[in-house]
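Quick look at run-v2.csv (CSV, C-alpha atoms and all ligand atoms):
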chain,number,residue,atom,x,y,z
A,1,MET,CA,64.9,-41.9,41.5
A,2,LEU,CA,61.2,-41.8,42.0
A,3,ALA,CA,61.2,-45.3,43.5
A,4,ALA,CA,63.7,-44.2,46.2
A,5,ILE,CA,61.4,-41.3,47.0
A,6,ILE,CA,58.3,-43.5,47.3
A,7,ALA,CA,60.2,-45.9,49.6
A,8,GLY,CA,61.5,-43.1,51.6
A,9,THR,CA,58.4,-41.1,52.3
A,10,SER,CA,56.8,-43.8,54.5
A,11,THR,CA,59.8,-44.0,56.8
A,12,GLY,CA,59.5,-40.4,57.9
A,13,VAL,CA,63.3,-40.1,57.5
A,14,TYR,CA,63.2,-39.0,53.9
A,15,ALA,CA,60.2,-36.9,54.6
A,16,GLN,CA,62.4,-34.6,56.5
A,17,GLN,CA,64.9,-34.3,53.7
A,18,LYS,CA,64.8,-31.0,51.8
A,19,VAL,CA,62.9,-32.2,48.8
A,20,LEU,CA,59.7,-31.5,47.1
A,21,ASN,CA,57.8,-33.9,44.9
A,22,LEU,CA,56.1,-32.0,42.2
A,23,TYR,CA,53.5,-33.5,39.8
A,24,THR,CA,53.1,-31.1,36.9
A,25,ALA,CA,51.2,-31.2,33.7
A,26,ARG,CA,53.1,-28.2,32.5
A,27,HIS,CA,56.0,-29.2,30.2
A,28,TYR,CA,57.6,-26.1,28.9
A,29,GLN,CA,61.4,-25.9,28.7
A,30,THR,CA,61.4,-22.4,30.3
A,31,ASP,CA,59.8,-23.8,33.4
A,32,GLU,CA,63.2,-25.5,34.1
A,33,ALA,CA,64.6,-22.1,35.2
A,34,LEU,CA,61.8,-21.8,37.7
A,35,TYR,CA,62.7,-25.1,39.5
A,36,THR,CA,66.4,-24.2,39.6
A,37,GLY,CA,65.4,-20.8,41.1
A,38,PHE,CA,63.4,-22.4,43.9
A,39,THR,CA,66.2,-24.8,44.8
A,40,LYS,CA,68.7,-21.9,44.8
A,41,GLN,CA,66.5,-19.8,47.1
A,42,THR,CA,65.4,-22.5,49.5
A,43,GLY,CA,67.9,-25.4,49.3
A,44,ILE,CA,64.9,-27.7,48.6
A,45,ALA,CA,65.5,-30.1,45.7
A,46,ILE,CA,62.6,-30.7,43.3
A,47,ASN,CA,61.7,-34.2,42.1
A,48,ARG,CA,59.5,-33.5,39.1
A,49,ILE,CA,57.1,-36.0,37.6
A,50,GLU,CA,55.6,-34.7,34.3
A,51,GLY,CA,52.7,-36.2,32.6
A,52,GLY,CA,49.5,-35.6,30.8
A,53,GLU,CA,46.9,-33.6,32.7
A,54,ASP,CA,44.5,-36.5,33.1
A,55,ALA,CA,47.2,-39.1,33.6
A,56,LEU,CA,48.8,-37.3,36.5
A,57,PHE,CA,45.4,-36.7,38.2
A,58,GLU,CA,44.6,-40.4,37.8
A,59,ARG,CA,48.0,-41.3,39.2
A,60,ILE,CA,47.5,-39.2,42.3
A,61,LYS,CA,44.1,-40.7,42.9
A,62,ASN,CA,45.4,-44.3,42.5
A,63,GLU,CA,48.4,-43.6,44.7
A,64,GLY,CA,46.0,-42.4,47.4
A,65,ALA,CA,47.4,-42.1,50.9
A,66,ASN,CA,50.8,-43.5,49.7
A,67,SER,CA,51.2,-40.8,47.1
A,68,PRO,CA,54.6,-39.1,47.3
A,69,ALA,CA,53.2,-36.0,45.5
A,70,ASP,CA,53.4,-32.7,47.4
A,71,VAL,CA,52.1,-30.3,44.8
A,72,PHE,CA,50.0,-30.8,41.7
A,73,ILE,CA,50.0,-28.2,39.0
A,74,THR,CA,47.8,-28.5,35.9
A,75,VAL,CA,46.0,-26.3,33.4
A,76,ASP,CA,42.4,-25.1,33.1
A,77,ILE,CA,40.0,-24.5,36.0
A,78,GLY,CA,37.9,-27.4,34.7
A,79,ARG,CA,40.7,-29.8,35.6
A,80,ILE,CA,41.7,-28.1,38.8
A,81,TRP,CA,38.1,-28.1,39.9
A,82,ARG,CA,37.8,-31.9,39.1
A,83,ALA,CA,40.9,-32.6,41.1
A,84,ASP,CA,39.5,-30.5,44.0
A,85,GLN,CA,36.2,-32.4,43.8
A,86,ALA,CA,38.1,-35.6,44.1
A,87,GLY,CA,39.4,-34.3,47.5
A,88,ILE,CA,43.1,-34.5,46.7
A,89,PHE,CA,44.1,-31.0,47.8
A,90,ALA,CA,44.6,-29.7,51.3
A,91,PRO,CA,43.8,-26.1,52.2
A,92,VAL,CA,46.8,-23.7,52.4
A,93,LYS,CA,46.6,-20.6,54.6
A,94,SER,CA,49.2,-18.2,53.4
A,95,ALA,CA,49.4,-14.5,53.8
A,96,VAL,CA,51.8,-14.3,50.9
A,97,LEU,CA,49.4,-16.2,48.5
A,98,GLU,CA,46.4,-14.2,49.7
A,99,ALA,CA,48.2,-10.9,49.2
A,100,ARG,CA,49.7,-11.8,45.8
A,101,ILE,CA,47.1,-13.8,44.0
A,102,PRO,CA,43.9,-11.9,43.2
A,103,ALA,CA,40.8,-13.4,44.8
A,104,SER,CA,39.3,-14.2,41.4
A,105,TYR,CA,42.2,-16.6,40.6
A,106,ARG,CA,42.2,-18.7,43.7
A,107,ASP,CA,40.0,-21.0,45.7
A,108,PRO,CA,38.2,-19.2,48.5
A,109,ALA,CA,39.0,-22.2,50.7
A,110,GLY,CA,42.7,-22.1,49.8
A,111,ASN,CA,42.7,-25.6,48.1
A,112,TRP,CA,44.2,-24.2,44.8
A,113,PHE,CA,45.8,-21.1,43.3
A,114,GLY,CA,46.1,-19.8,39.8
A,115,PHE,CA,49.7,-18.8,38.9
A,116,SER,CA,49.2,-17.8,35.2
A,117,ALA,CA,46.2,-16.7,33.2
A,118,ARG,CA,45.1,-17.1,29.6
A,119,ALA,CA,42.1,-15.6,27.8
A,120,ARG,CA,39.8,-17.6,25.4
A,121,VAL,CA,39.4,-15.2,22.5
A,122,ILE,CA,38.0,-15.0,19.0
A,123,ALA,CA,40.4,-14.9,16.0
A,124,TYR,CA,39.1,-14.0,12.5
A,125,ASN,CA,40.4,-14.1,9.0
A,126,LYS,CA,41.0,-10.4,8.1
A,127,ALA,CA,40.2,-11.0,4.5
A,128,ALA,CA,36.7,-12.4,5.4
A,129,VAL,CA,35.7,-10.5,8.4
A,130,LYS,CA,35.9,-6.8,9.1
A,131,ALA,CA,37.2,-5.5,12.4
A,132,GLY,CA,34.3,-4.6,14.6
A,133,GLU,CA,31.9,-7.2,13.1
A,134,LEU,CA,32.4,-9.4,16.1
A,135,ALA,CA,32.5,-8.1,19.6
A,136,ASN,CA,31.1,-10.7,22.0
A,137,TYR,CA,31.0,-14.4,22.6
A,138,GLU,CA,27.3,-14.2,22.1
A,139,ASP,CA,27.9,-13.1,18.5
A,140,LEU,CA,29.3,-16.6,17.7
A,141,ALA,CA,25.7,-17.9,17.8
A,142,ASP,CA,24.4,-15.2,15.3
A,143,PRO,CA,23.0,-16.9,12.1
A,144,LYS,CA,25.1,-14.4,10.2
A,145,TRP,CA,28.1,-16.6,10.9
A,146,LYS,CA,26.6,-19.8,9.4
A,147,ASN,CA,29.4,-22.2,8.3
A,148,ALA,CA,31.9,-19.7,9.6
A,149,VAL,CA,33.2,-21.0,13.0
A,150,CYS,CA,36.0,-23.3,13.8
A,151,ILE,CA,36.2,-24.6,17.4
A,152,ARG,CA,37.6,-27.7,19.1
A,153,THR,CA,35.4,-30.3,20.6
A,154,SER,CA,32.9,-29.3,23.4
A,155,THR,CA,34.1,-32.0,25.7
A,156,HIS,CA,37.5,-30.3,26.0
A,157,PRO,CA,37.9,-28.4,29.4
A,158,TYR,CA,38.7,-25.1,27.6
A,159,ASN,CA,35.2,-25.1,26.0
A,160,LEU,CA,33.5,-26.5,29.1
A,161,SER,CA,35.0,-23.6,31.0
A,162,LEU,CA,33.8,-21.1,28.3
A,163,MET,CA,30.3,-22.5,28.5
A,164,ALA,CA,30.5,-22.4,32.3
A,165,SER,CA,31.4,-18.7,32.0
A,166,LEU,CA,28.3,-18.1,29.8
A,167,ILE,CA,26.2,-20.0,32.3
A,168,ALA,CA,27.5,-17.8,35.1
A,169,HIS,CA,26.6,-14.6,33.3
A,170,ASN,CA,23.6,-15.5,31.1
A,171,GLY,CA,22.0,-18.5,32.9
A,172,GLU,CA,21.6,-22.0,31.7
A,173,ALA,CA,18.6,-21.5,29.4
A,174,ARG,CA,20.3,-18.7,27.4
A,175,THR,CA,23.6,-20.6,27.3
A,176,GLU,CA,21.8,-23.6,25.8
A,177,GLU,CA,20.4,-21.4,23.1
A,178,TRP,CA,23.9,-20.0,22.5
A,179,VAL,CA,25.4,-23.4,22.2
A,180,LYS,CA,22.7,-24.4,19.7
A,181,GLY,CA,23.4,-21.3,17.6
A,182,LEU,CA,27.2,-21.9,17.8
A,183,THR,CA,26.8,-25.5,16.8
A,184,ALA,CA,24.6,-24.5,13.8
A,185,ASN,CA,27.4,-22.1,12.7
A,186,LEU,CA,30.3,-24.6,12.7
A,187,ALA,CA,32.3,-24.6,9.5
A,188,ARG,CA,33.3,-28.2,10.1
A,189,SER,CA,32.9,-31.0,12.7
A,190,PRO,CA,35.1,-30.2,15.7
A,191,LYS,CA,38.6,-31.7,15.4
A,192,GLY,CA,42.1,-30.9,16.5
A,193,GLY,CA,43.4,-28.5,19.1
A,194,ASP,CA,43.2,-24.7,19.2
A,195,THR,CA,46.1,-24.3,16.8
A,196,ASP,CA,44.2,-26.3,14.2
A,197,GLN,CA,41.3,-23.9,14.5
A,198,LEU,CA,43.6,-20.9,14.0
A,199,MET,CA,45.3,-22.5,11.0
A,200,GLY,CA,41.9,-23.3,9.6
A,201,ALA,CA,40.8,-19.7,9.9
A,202,ALA,CA,44.1,-18.4,8.4
A,203,ALA,CA,43.6,-20.9,5.4
A,204,GLY,CA,40.1,-19.7,4.9
A,205,GLU,CA,38.4,-23.0,5.8
A,206,CYS,CA,36.5,-21.0,8.4
A,207,LYS,CA,36.2,-17.2,9.0
A,208,ILE,CA,36.4,-17.4,12.7
A,209,ALA,CA,38.3,-19.5,15.2
A,210,VAL,CA,38.0,-19.7,19.0
A,211,ALA,CA,41.4,-20.2,20.8
A,212,ASN,CA,43.3,-19.5,23.9
A,213,THR,CA,45.6,-16.5,23.6
A,214,TYR,CA,48.9,-18.4,24.1
A,215,TYR,CA,48.2,-20.5,20.9
A,216,ILE,CA,47.9,-17.2,19.0
A,217,ALA,CA,51.1,-15.8,20.6
A,218,ARG,CA,52.9,-19.0,19.8
A,219,LEU,CA,52.0,-18.6,16.1
A,220,MET,CA,53.0,-14.9,16.2
A,221,ARG,CA,56.4,-15.9,17.7
A,222,SER,CA,56.9,-19.0,15.6
A,223,ALA,CA,60.1,-19.6,13.7
A,224,ARG,CA,58.1,-21.5,11.0
A,225,PRO,CA,57.2,-19.2,8.1
A,226,ASN,CA,53.8,-20.8,7.5
A,227,GLU,CA,52.8,-20.2,11.2
A,228,LYS,CA,54.0,-16.7,11.2
A,229,ALA,CA,52.2,-16.0,8.0
A,230,ALA,CA,49.0,-17.6,9.4
A,231,ALA,CA,49.2,-15.3,12.5
A,232,GLU,CA,49.5,-12.3,10.1
A,233,LYS,CA,46.2,-13.2,8.4
A,234,LEU,CA,44.3,-13.2,11.7
A,235,GLY,CA,42.7,-10.4,13.6
A,236,LEU,CA,42.0,-10.8,17.3
A,237,VAL,CA,38.9,-9.9,19.4
A,238,PHE,CA,39.0,-9.8,23.1
A,239,PRO,CA,35.3,-10.5,23.6
A,240,ASN,CA,32.8,-8.6,25.8
A,241,GLN,CA,34.9,-5.5,26.4
A,242,ALA,CA,31.8,-3.4,26.7
A,243,SER,CA,30.3,-5.7,29.3
A,244,ARG,CA,31.8,-8.3,31.7
A,245,GLY,CA,35.2,-8.6,30.1
A,246,THR,CA,36.9,-11.5,28.4
A,247,HIS,CA,36.6,-15.1,29.8
A,248,MET,CA,39.8,-15.9,31.6
A,249,ASN,CA,41.2,-19.3,32.7
A,250,ILE,CA,44.2,-20.3,34.8
A,251,SER,CA,47.1,-22.7,35.1
A,252,GLY,CA,47.6,-23.5,38.8
A,253,GLY,CA,47.3,-26.1,41.5
A,254,GLY,CA,47.8,-26.7,45.1
A,255,MET,CA,49.2,-28.8,48.0
A,256,LEU,CA,48.1,-32.4,48.2
A,257,LYS,CA,46.3,-33.8,51.2
A,258,ASN,CA,48.8,-36.6,51.5
A,259,ALA,CA,51.9,-34.5,50.8
A,260,PRO,CA,54.9,-35.8,52.8
A,261,HIS,CA,56.6,-32.4,52.7
A,262,LYS,CA,54.0,-29.9,53.6
A,263,ASP,CA,56.3,-27.1,54.6
A,264,ALA,CA,58.2,-27.4,51.3
A,265,ALA,CA,54.9,-27.5,49.4
A,266,VAL,CA,53.7,-24.2,50.9
A,267,LYS,CA,57.2,-22.6,50.3
A,268,PHE,CA,56.9,-23.7,46.7
A,269,LEU,CA,53.4,-22.3,46.2
A,270,GLU,CA,54.6,-19.0,47.7
A,271,TYR,CA,57.7,-19.1,45.4
A,272,LEU,CA,55.4,-19.5,42.4
A,273,ALA,CA,53.7,-16.3,43.4
A,274,GLY,CA,57.0,-14.4,43.5
A,275,ASP,CA,58.0,-11.9,40.8
A,276,GLU,CA,60.7,-14.2,39.3
A,277,ALA,CA,58.6,-17.3,39.1
A,278,GLN,CA,55.6,-15.3,37.8
A,279,ARG,CA,57.7,-14.1,34.9
A,280,TYR,CA,59.0,-17.6,34.1
A,281,PHE,CA,55.7,-19.2,34.6
A,282,ALA,CA,53.9,-16.9,32.3
A,283,GLU,CA,56.5,-16.3,29.7
A,284,GLY,CA,57.2,-20.0,29.2
A,285,ASN,CA,53.8,-20.4,27.7
A,286,ASN,CA,52.9,-16.9,26.6
A,287,GLU,CA,50.5,-16.4,29.5
A,288,TRP,CA,49.9,-13.5,31.8
A,289,PRO,CA,51.1,-13.6,35.4
A,290,THR,CA,48.1,-13.7,37.8
A,291,VAL,CA,50.0,-11.4,40.3
A,292,ARG,CA,49.4,-7.8,39.4
A,293,GLY,CA,52.2,-5.5,38.5
A,294,VAL,CA,54.7,-8.1,37.4
A,295,LYS,CA,56.6,-6.9,34.3
A,296,ILE,CA,57.0,-9.4,31.6
A,297,SER,CA,58.9,-9.2,28.4
A,298,ASN,CA,56.9,-10.8,25.6
A,299,PRO,CA,56.5,-9.1,22.2
A,300,ALA,CA,53.4,-11.2,21.3
A,301,LEU,CA,51.5,-10.4,24.5
A,302,ALA,CA,52.6,-6.7,24.2
A,303,ALA,CA,51.2,-6.6,20.7
A,304,MET,CA,47.8,-8.0,21.9
A,305,GLY,CA,47.6,-5.0,24.2
A,306,GLU,CA,45.5,-4.2,27.3
A,307,PHE,CA,42.0,-5.6,27.7
A,308,LYS,CA,39.3,-6.0,30.2
A,309,ALA,CA,39.3,-9.4,31.9
A,310,ASP,CA,36.3,-11.0,33.4
A,311,ALA,CA,36.6,-10.6,37.2
A,312,ILE,CA,34.4,-13.5,38.1
A,313,ASN,CA,36.1,-16.0,40.5
A,314,VAL,CA,37.2,-18.9,38.3
A,315,ALA,CA,35.9,-21.2,41.1
A,316,GLN,CA,32.4,-20.5,39.8
A,317,LEU,CA,33.4,-21.7,36.4
A,318,GLY,CA,34.4,-25.0,38.1
A,319,ASN,CA,31.1,-25.2,39.7
A,320,ASN,CA,29.3,-24.8,36.4
A,321,GLN,CA,31.3,-27.6,34.6
A,322,PRO,CA,28.6,-30.3,35.0
A,323,ALA,CA,25.9,-27.9,33.8
A,324,ALA,CA,28.1,-27.0,30.8
A,325,GLN,CA,28.6,-30.7,30.0
A,326,ARG,CA,24.8,-31.4,30.2
A,327,ILE,CA,24.1,-28.5,27.8
A,328,ALA,CA,26.7,-29.8,25.3
A,329,ASP,CA,25.2,-33.3,25.5
A,330,ARG,CA,21.7,-32.1,25.1
A,331,VAL,CA,22.5,-29.8,22.1
A,332,GLY,CA,24.8,-32.4,20.5
A,333,PHE,CA,27.8,-30.1,20.3
A,334,LYS,CA,30.4,-32.7,19.8
B,1,FE,FE,46.4,-25.6,25.8
Whole structure given in structure tokens:
Amino acid sequence: MLAAIIAGTSTGVYAQQKVLNLYTARHYQTDEALYTGFTKQTGIAINRIEGGEDALFERIKNEGANSPADVFITVDIGRIWRADQAGIFAPVKSAVLEARIPASYRDPAGNWFGFSARARVIAYNKAAVKAGELANYEDLADPKWKNAVCIRTSTHPYNLSLMASLIAHNGEARTEEWVKGLTANLARSPKGGDTDQLMGAAAGECKIAVANTYYIARLMRSARPNEKAAAEKLGLVFPNQASRGTHMNISGGGMLKNAPHKDAAVKFLEYLAGDEAQRYFAEGNNEWPTVRGVKISNPALAAMGEFKADAINVAQLGNNQPAAQRIADRVGFK
């Protein structure tokens, strides 16, 4: 299937066919409905290539000018920013996207757009930590929490983006001190994903875990009794409510510079910003729509309640990625 598309794009004949070649690092079953919905609405068929976040990005780079990819969707601003730095996106000027996606969740130049949002929050073992003892990301560096914190490795984009957010608000020097304090508070050497940190906190191996909200929602909605029980042991803090708000990240993407089907690509991006797609896109992974006012039905997100989200443009978090990496390296936060 893909071979036919690759062969076809160079002739120009197939480029006029009503197809869209989508490279996506999202692989949630519920996303399926989203693609069907687009085809129904526009008559444009979607050829979907799924892969790991880094593998797909490498593939697009390697394919270069011959890439059949029209749209690339991935997760975390760190990865989106890296893709943008590599020059693979083309700017999209769309009144629909500009009206629908809040400015903080899209590239000012139009190279990429955020379609769903996640918060990076603090979970705590309710038997070990009292509600109100933790309020801010800055608290994670407090010596009071020595041997208390579980967090995945610093080199992961989620943590680079969190550090990038602290750099944006507190500056590099203070963020370096914070990372030092956080590293000194680790309950164990960083290993595993966000779920492992949450399970660690629930099991009492650490008092506090740092995780993206959809991992917590996933445990809350899990059919596995041990995961459901773990979620019940955890309390949740949306950090920095009295100040800048909780650090937010996005899943999103953009149209590729070498896209053979540019009209279809813009249509697809606009479709992703529509109510129906926003619901599918967010609910499939327990995220929030980036478009305001879209009603979603998700008991776990509803239980988490309302919170103040940091309004900083996530592009700034991209720009701070190299500085975040340098700090992690200097401090020795693995
Ligand atoms: Fe994730």
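The residue that comes closest to Ala324 in chain A, out of A:His156, A:Arg59, A:Arg118, A:Arg48 and on the basis of only C-alpha atoms, is A:His156.
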Each residue of chain A with at least one atom at most 10 Å from ligand FE 1 (chain B) should appear once, together with its nearest atom pair and the corresponding distance in Å (one decimal); atoms considered: all atoms listed in the file; ordering: chain, then increasing residue number; output as a tab-separated table.
residue	atom	partner	partner_atom	distance
A:Arg26	CA	B:FE1	FE	9.8
A:Val75	CA	B:FE1	FE	7.6
A:Asp76	CA	B:FE1	FE	8.3
A:Arg118	CA	B:FE1	FE	9.4
A:Pro157	CA	B:FE1	FE	9.6
A:Tyr158	CA	B:FE1	FE	7.9
A:Gly193	CA	B:FE1	FE	7.9
A:Asp194	CA	B:FE1	FE	7.4
A:Thr195	CA	B:FE1	FE	9.1
A:Ala211	CA	B:FE1	FE	8.9
A:Asn212	CA	B:FE1	FE	7.1
A:Thr213	CA	B:FE1	FE	9.4
A:Tyr214	CA	B:FE1	FE	7.8
A:Tyr215	CA	B:FE1	FE	7.3
A:Ser251	CA	B:FE1	FE	9.8
A:Asn285	CA	B:FE1	FE	9.2
Residues within 8 Å of (36.3, -23.3, 18.6), counting only C-alpha atoms, listed as an MDAnalysis selection string: chainID A and resid 149:153 159 190 194 197 209:211
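Proximity of A:Gln316, A:Asn136, A:Ser297, A:Gln278 to Leu34 in chain A, computed with all atoms listed in the file, is greatest for A:Gln278.
When all atoms listed in the file are used to compute distances to Ala229 in chain A, the closest of the residues A:Ala86, A:His169, A:Ala202, A:Ile77 turns out to be A:Ala202.
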Neighbour list for Ile312 in chain A as a tab-separated table (two decimals) with C-alpha atoms, in the coordinates of the input, cut-off 12 Å, all atoms listed in the file, skip fewer than 3 positions in-chain:
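Written output follows (around.tsv):
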chain	number	residue	atom	x	y	z
A	102	PRO	CA	43.90	-11.90	43.20
A	103	ALA	CA	40.80	-13.40	44.80
A	104	SER	CA	39.30	-14.20	41.40
A	105	TYR	CA	42.20	-16.60	40.60
A	106	ARG	CA	42.20	-18.70	43.70
A	164	ALA	CA	30.50	-22.40	32.30
A	165	SER	CA	31.40	-18.70	32.00
A	166	LEU	CA	28.30	-18.10	29.80
A	167	ILE	CA	26.20	-20.00	32.30
A	168	ALA	CA	27.50	-17.80	35.10
A	169	HIS	CA	26.60	-14.60	33.30
A	244	ARG	CA	31.80	-8.30	31.70
A	245	GLY	CA	35.20	-8.60	30.10
A	246	THR	CA	36.90	-11.50	28.40
A	247	HIS	CA	36.60	-15.10	29.80
A	248	MET	CA	39.80	-15.90	31.60
A	249	ASN	CA	41.20	-19.30	32.70
A	308	LYS	CA	39.30	-6.00	30.20
A	309	ALA	CA	39.30	-9.40	31.90
A	315	ALA	CA	35.90	-21.20	41.10
A	316	GLN	CA	32.40	-20.50	39.80
A	317	LEU	CA	33.40	-21.70	36.40
A	318	GLY	CA	34.40	-25.00	38.10
For Asn258 in chain A, work out the shell of residues within 9 Å, counting all atoms listed in the file and skipping chain neighbours fewer than 2 positions away, then give it as number ranges by chain. A: 64-70, 88-90, 255-256, 260-262
CA of Ala55 in chain A sits from CA of Ala25 in chain A at a separation of 8.9 Å
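Note that CA of Gly253 in chain A and CA of Ile73 in chain A are 4.2 Å apart.
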Can you work out which one of A:Glu50, A:Lys126, A:Gly171, A:Gly132 has the shortest atom-to-atom distance to Gln29 in chain A, counting only C-alpha atoms? A:Glu50
How far is it from CA of Asn47 in chain A to CA of Lys18 in chain A, in Å with one decimal? 10.7 Å
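Minimum distance to Asp107 in chain A across A:Leu140, A:Val314, A:Arg221, A:Gln325 (counting only C-alpha atoms) occurs at A:Val314.
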Would you please work out which residue, of A:Gly305, A:Gly332, A:Gly87, A:Gly37, is nearest to Leu236 in chain A when using only C-alpha atoms? A:Gly305
Name all residues at most 9 Å from Ala217 in chain A (count only C-alpha atoms; drop same-chain ones fewer than 4 positions away) and give them as a JSON list (two decimals) with C-alpha atoms, in the frame of the given file.
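Written file, around-v3.json:
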[["chain", "number", "residue", "atom", "x", "y", "z"],
["A", 213, "THR", "CA", 45.60, -16.50, 23.60],
["A", 221, "ARG", "CA", 56.40, -15.90, 17.70],
["A", 222, "SER", "CA", 56.90, -19.00, 15.60],
["A", 231, "ALA", "CA", 49.20, -15.30, 12.50],
["A", 285, "ASN", "CA", 53.80, -20.40, 27.70],
["A", 286, "ASN", "CA", 52.90, -16.90, 26.60],
["A", 287, "GLU", "CA", 50.50, -16.40, 29.50],
["A", 299, "PRO", "CA", 56.50, -9.10, 22.20],
["A", 300, "ALA", "CA", 53.40, -11.20, 21.30],
["A", 301, "LEU", "CA", 51.50, -10.40, 24.50],
["A", 304, "MET", "CA", 47.80, -8.00, 21.90]]
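Proximity to Ala184 in chain A at 9 Å, evaluated using only C-alpha atoms and with sequence-adjacent residues fewer than 5 positions away removed, yields Ala141, Pro143, Lys146, Asn147 and Val179 of chain A.
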What's around range 270-274 of chain A at 10 Å? Count all atoms listed in the file, leave out sequence neighbours fewer than 3 positions away in its own chain, and write the answer as a JSON list (two decimals) with C-alpha atoms, in the coordinates of the input.
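Dumped to out05.json:
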[["chain", "number", "residue", "atom", "x", "y", "z"],
["A", 34, "LEU", "CA", 61.80, -21.80, 37.70],
["A", 35, "TYR", "CA", 62.70, -25.10, 39.50],
["A", 37, "GLY", "CA", 65.40, -20.80, 41.10],
["A", 38, "PHE", "CA", 63.40, -22.40, 43.90],
["A", 41, "GLN", "CA", 66.50, -19.80, 47.10],
["A", 42, "THR", "CA", 65.40, -22.50, 49.50],
["A", 94, "SER", "CA", 49.20, -18.20, 53.40],
["A", 95, "ALA", "CA", 49.40, -14.50, 53.80],
["A", 96, "VAL", "CA", 51.80, -14.30, 50.90],
["A", 97, "LEU", "CA", 49.40, -16.20, 48.50],
["A", 98, "GLU", "CA", 46.40, -14.20, 49.70],
["A", 99, "ALA", "CA", 48.20, -10.90, 49.20],
["A", 100, "ARG", "CA", 49.70, -11.80, 45.80],
["A", 101, "ILE", "CA", 47.10, -13.80, 44.00],
["A", 113, "PHE", "CA", 45.80, -21.10, 43.30],
["A", 114, "GLY", "CA", 46.10, -19.80, 39.80],
["A", 115, "PHE", "CA", 49.70, -18.80, 38.90],
["A", 116, "SER", "CA", 49.20, -17.80, 35.20],
["A", 252, "GLY", "CA", 47.60, -23.50, 38.80],
["A", 264, "ALA", "CA", 58.20, -27.40, 51.30],
["A", 265, "ALA", "CA", 54.90, -27.50, 49.40],
["A", 266, "VAL", "CA", 53.70, -24.20, 50.90],
["A", 267, "LYS", "CA", 57.20, -22.60, 50.30],
["A", 277, "ALA", "CA", 58.60, -17.30, 39.10],
["A", 278, "GLN", "CA", 55.60, -15.30, 37.80],
["A", 279, "ARG", "CA", 57.70, -14.10, 34.90],
["A", 280, "TYR", "CA", 59.00, -17.60, 34.10],
["A", 281, "PHE", "CA", 55.70, -19.20, 34.60],
["A", 289, "PRO", "CA", 51.10, -13.60, 35.40],
["A", 290, "THR", "CA", 48.10, -13.70, 37.80],
["A", 291, "VAL", "CA", 50.00, -11.40, 40.30],
["A", 294, "VAL", "CA", 54.70, -8.10, 37.40]]
